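This report refers to the structure that appears directly beneath it.
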Amino acid sequence: MAYLEIKDFTKSFGENQVLKGIDFTLEKGEVLSIIGSSGSGKTTLLRCVNFLEKPDFGSMTVDGETLIGDGIKDTERTLRQKRLNFGLVFQSFNLFPHFTVIKNVTLAPELLLKENYAAFCKTERSKSARKEYLAAKRTEIHETGKELLAKVGLSEKAESYPWQLSGGQQQRVAIARALAMRPKVLCFDEPTSALDPELTGEVLKVIRSLKGDGRTMIIVTHEMEFAKNVSDKIIYLADGKIEDCGTPEEIFGGARSEKLNAFLASVNDKGEA
Amino acid sequence: MNFFELLWALRDGLIISVEIFFLTLALSLPLGLLICLGRMSKIKPIAWFFKLYISVMRGTPLMLQLFVVYFLPYYLFSVKLKYMGDNWLFTAVIAGFALNYAAYFAEIYRGGISSVPEGQYEAAKVLGISRSKTFFIIILPQVFKRVLPAVTNEIITLVKDTSLAFAIGLIEMFTRAKQLASKEVSMLPYAAAALIYYLFNLAVAGVMSFIEKKMNRYRIK
Ligand SMILES: Nc1ncnc2c1ncn2[C@@H]1O[C@H](COP(=O)(O)OP(=O)(O)OP(=O)(O)O)[C@@H](O)[C@H]1O
Ligand SMILES: [Mg+2]
């Protein structure tokens with residue numbers, strides 16, 4: 001069984017059927033890119049995977065655990081736990097403006113620690129053991145946070161606030177923030193679309209380095225050159241269906257469907273304009 | 001009495017005014033948040049109720065509301081006001097002010113909350129942060145920053161509004177000034193009171209701009 005398996009994802013908004021039965025699988029350490037024209041359902045698919053939308057139909061299995069499927073009912077709590085299998089980096093960064101860069105990265109792990117600590121206290125009666133546990137975990141979170149900032153090349157910005165950073169830097173913080181929760185699969189929704197062209201490179205470089213670390217990733221992107229270089233697999237989405245799917249060589253090698261060729265040509269035009 | 005003696009003579013009234021001011025704030029700022037949450041509730045009847053509440057509180061004079069609160073025990077339960085205890089007058093004033101200002105703060109908060117981008121909620125969601133923690137740790141601090149100028153306006157109005165307590169007979173600073181004015185047959189007590197209100201507001205404005213500066217270390221979109 002594949003690391004990530006999605007079967008028959010279907011989603012409608014009112015009359016508008018946005019996903020019409022999406023199936024794909026992803027192995028551990030693989031990078032999947034999703035391409036397709038505006039409105040084809042790329043974001044919706046990613047949001048369903050991240051439990052921001054609930055698919056009307058379909059199933060999803062990650063690392064042997066079925067998270068979405070027939071008869072699986074979620075509470076707010078189980079949803080929250082399931083979400084943590086995934087990380088999501090948004091087009092518009094969505095950093096928390098009132099927290100410093102390092103706090104943006106460590107906030108969610110710290111809040112999770114508080115929950116785990118409460119559970120820990122139920123079994124551990126000794127005060128000193130509790131204290132030790134908390135202190136050790138806190139240090140660990142902070143150290144990890146610093147390592148992640150180093151990874152995205154922003155160590156010296158730890159104490160800055162988001163508004164003091166460029167878009168590219170903010171997006172790199174957002175990547176570090178997502179990584180801090182140790183997701184099994186990291187998702188990106190057009191991570192460079194909101195950036196000035198000269199800033200996209202630094203973000204793509206970080207994503208490329210994550211591939212080097214063997215991260216499993218799903219990337220929605222309009223950067224065809226990047227998709228070609230970084231992906232193991234590419235899905236071409238059109239009108240809520242997987243119109244084509246294959247390795248970068250297959251997808252960009254020509255001789256595919258009319259639709260895909262037309263799409264790739266239109267993207268090229270925009271790139272050159 | 002010279003001007004300085006007048007200022008001194010107003011001190012009892014001033015204390016009452018200051019008490020109304022701080023108690024009203026302490027009650028109406030959090031109460032406003034509750035009303036705001038009720039107003040934004042997904043349960044329609046609750047939302048309607050608070051919508052009506054807010055529109056009535058903002059659409060009728062505060063002075064009239066003070067009367068209503070003051071006489072409420074009598075009309076609801078036929079309790080003679082003299083049995084309500086010595087503090088009833090003061091309690092009624094505070095309750096009236098708090099209920100009124102809470103409605104204004106609720107609307108201000110509501111504007112603030114709906115101006116926080118949806119992306120903030122979603123970012124918190126995908127990081128596994130619970131809904132209540134998202135609200136208190138991520139949304140609310142940004143709301144406070146957004147609404148600070150509007151809240152400052154209300155607070156400055158409140159300083160002046162404390163004088164409305166005279167309507168149901170509470171002797172705050174303005175009432176005291178009126179008594180002195182008729183005793184002294186002079187406008188000077190009013191001038192003294194005006195000066196105190198002004199200084200009071202200057203202090204309020206100073207405190208608020210200090211808070212605003214503190215919050216300026218970060219910026220929001
Ligand atoms: N919350 C929603 N409510 C109603 N319709 C929606 C909602 N979200 C998306 N849609 C619709 O679903 C369709 C697909 O949208 P989606 O955002 O998934 O496309 P996309 O492929 O990400 O496009 P883009 O490249 O422009 O980001 C669109 O027609 C959009 O209007
Ligand atoms: Mg999209």
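By convention here, the chains of the structure tokens are called A, B, ... in the order presented, each chain's residues are numbered starting at 1, and ligands are numbered starting at 1 in the order presented.
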Residues within 6 Å of ligand 1, counting only C-alpha atoms and all ligand atoms, as a list in words: Phe13, Val18, Ser37, Ser38, Gly39, Ser40, Gly41, Lys42, Thr43 and Thr44 of chain A
Within 7 Å of stretch 167-177 of chain A using only C-alpha atoms, minus same-chain residues under 5 positions, as a list in words: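 The filter keeps Val89, Phe93, Leu95, Val101, Asn104, Val105, Leu148, Leu149, Val152, Pro162, Leu195, Leu199, Thr200, Glu202 and Val203 of chain A.
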Residues within 12 Å of ligand 2, counting only C-alpha atoms and all ligand atoms, as an NGL selection string: :A and (18 or 34-47 or 90-92 or 188-194 or 219-222 or 237)
File dump, residues just selected, N, CA, C and O atoms, as a CSV table (one decimal), in the first residue's frame:
```csv
chain,number,residue,atom,x,y,z
A,18,VAL,N,-16.7,20.5,-8.1
A,18,VAL,CA,-15.3,21.0,-8.3
A,18,VAL,C,-14.3,19.9,-8.4
A,18,VAL,O,-13.4,20.0,-9.2
A,34,ILE,N,1.0,19.4,-8.7
A,34,ILE,CA,-0.3,19.4,-9.4
A,34,ILE,C,-0.3,20.7,-10.2
A,34,ILE,O,-0.1,21.8,-9.7
A,35,ILE,N,-0.6,20.5,-11.5
A,35,ILE,CA,-0.7,21.7,-12.4
A,35,ILE,C,-2.1,21.7,-13.0
A,35,ILE,O,-2.8,20.7,-12.9
A,36,GLY,N,-2.5,22.8,-13.5
A,36,GLY,CA,-3.8,23.0,-14.1
A,36,GLY,C,-4.2,24.4,-14.2
A,36,GLY,O,-3.7,25.2,-13.4
A,37,SER,N,-5.2,24.7,-15.0
A,37,SER,CA,-5.6,26.1,-15.2
A,37,SER,C,-6.4,26.6,-14.0
A,37,SER,O,-6.8,25.8,-13.2
A,38,SER,N,-6.6,27.9,-13.9
A,38,SER,CA,-7.3,28.5,-12.8
A,38,SER,C,-8.7,27.9,-12.7
A,38,SER,O,-9.4,27.8,-13.8
A,39,GLY,N,-9.1,27.6,-11.5
A,39,GLY,CA,-10.5,27.1,-11.4
A,39,GLY,C,-10.6,25.6,-11.6
A,39,GLY,O,-11.7,25.0,-11.5
A,40,SER,N,-9.5,24.9,-11.9
A,40,SER,CA,-9.6,23.5,-12.1
A,40,SER,C,-9.8,22.6,-10.9
A,40,SER,O,-10.1,21.4,-11.0
A,41,GLY,N,-9.6,23.2,-9.7
A,41,GLY,CA,-9.8,22.5,-8.5
A,41,GLY,C,-8.6,22.2,-7.7
A,41,GLY,O,-8.7,21.4,-6.7
A,42,LYS,N,-7.5,22.7,-8.0
A,42,LYS,CA,-6.2,22.4,-7.3
A,42,LYS,C,-6.2,22.7,-5.9
A,42,LYS,O,-5.9,21.9,-5.0
A,43,THR,N,-6.6,24.0,-5.6
A,43,THR,CA,-6.7,24.4,-4.2
A,43,THR,C,-7.7,23.6,-3.4
A,43,THR,O,-7.4,23.1,-2.3
A,44,THR,N,-8.9,23.3,-4.0
A,44,THR,CA,-9.9,22.5,-3.4
A,44,THR,C,-9.4,21.2,-3.0
A,44,THR,O,-9.6,20.7,-1.9
A,45,LEU,N,-8.6,20.5,-3.9
A,45,LEU,CA,-8.1,19.2,-3.7
A,45,LEU,C,-7.1,19.3,-2.5
A,45,LEU,O,-7.2,18.5,-1.5
A,46,LEU,N,-6.3,20.3,-2.5
A,46,LEU,CA,-5.3,20.4,-1.4
A,46,LEU,C,-6.0,20.7,0.0
A,46,LEU,O,-5.6,20.2,1.0
A,47,ARG,N,-7.1,21.5,-0.1
A,47,ARG,CA,-7.8,21.8,1.1
A,47,ARG,C,-8.5,20.5,1.7
A,47,ARG,O,-8.7,20.4,2.9
A,90,PHE,N,0.6,28.3,2.5
A,90,PHE,CA,-0.4,29.0,1.7
A,90,PHE,C,0.3,30.0,0.8
A,90,PHE,O,1.4,30.4,1.0
A,91,GLN,N,-0.5,30.3,-0.2
A,91,GLN,CA,0.0,31.3,-1.2
A,91,GLN,C,0.3,32.6,-0.5
A,91,GLN,O,1.3,33.3,-0.8
A,92,SER,N,-0.5,33.0,0.5
A,92,SER,CA,-0.4,34.3,1.1
A,92,SER,C,0.3,34.2,2.5
A,92,SER,O,0.0,35.1,3.3
A,188,PHE,N,2.0,22.5,-0.5
A,188,PHE,CA,2.2,23.9,-0.9
A,188,PHE,C,1.1,24.3,-1.9
A,188,PHE,O,0.9,23.6,-2.9
A,189,ASP,N,0.4,25.4,-1.7
A,189,ASP,CA,-0.5,25.9,-2.6
A,189,ASP,C,0.1,27.2,-3.3
A,189,ASP,O,0.0,28.2,-2.7
A,190,GLU,N,0.6,27.0,-4.4
A,190,GLU,CA,1.2,28.1,-5.2
A,190,GLU,C,2.1,29.0,-4.3
A,190,GLU,O,1.8,30.1,-4.1
A,191,PRO,N,3.1,28.4,-3.7
A,191,PRO,CA,3.9,29.1,-2.7
A,191,PRO,C,4.6,30.3,-3.2
A,191,PRO,O,5.0,31.1,-2.4
A,192,THR,N,4.7,30.5,-4.5
A,192,THR,CA,5.5,31.6,-5.0
A,192,THR,C,4.6,32.6,-5.8
A,192,THR,O,5.1,33.6,-6.3
A,193,SER,N,3.3,32.3,-5.8
A,193,SER,CA,2.4,33.2,-6.7
A,193,SER,C,2.3,34.6,-6.2
A,193,SER,O,2.0,35.5,-7.0
A,194,ALA,N,2.4,34.8,-4.9
A,194,ALA,CA,2.2,36.1,-4.3
A,194,ALA,C,3.5,36.9,-4.3
A,194,ALA,O,3.6,38.0,-3.8
A,219,ILE,N,2.8,19.7,-4.3
A,219,ILE,CA,3.0,21.1,-4.6
A,219,ILE,C,2.1,21.5,-5.8
A,219,ILE,O,2.2,21.0,-6.9
A,220,VAL,N,1.2,22.5,-5.4
A,220,VAL,CA,0.4,23.1,-6.5
A,220,VAL,C,1.2,24.2,-7.0
A,220,VAL,O,1.6,25.1,-6.2
A,221,THR,N,1.5,24.3,-8.3
A,221,THR,CA,2.3,25.3,-8.8
A,221,THR,C,2.1,25.7,-10.2
A,221,THR,O,1.5,24.9,-11.0
A,222,HIS,N,2.4,27.0,-10.5
A,222,HIS,CA,2.3,27.4,-11.9
A,222,HIS,C,3.8,27.5,-12.5
A,222,HIS,O,3.9,27.9,-13.6
A,237,LEU,N,-4.5,18.6,-13.7
A,237,LEU,CA,-5.9,18.7,-13.3
A,237,LEU,C,-6.7,19.6,-14.3
A,237,LEU,O,-6.2,20.7,-14.6
```
Expected answer as a PyMOL selection string: chain B residues within 12 Å of chain A, only C-alpha atoms: chain B and resi 116-134+137-146+214-221
Neighbour list for stretch 77-89 of chain B as a ChimeraX atom specification, cut-off 8 Å, only C-alpha atoms, skip fewer than 5 positions in-chain: /B:70-72,168-170
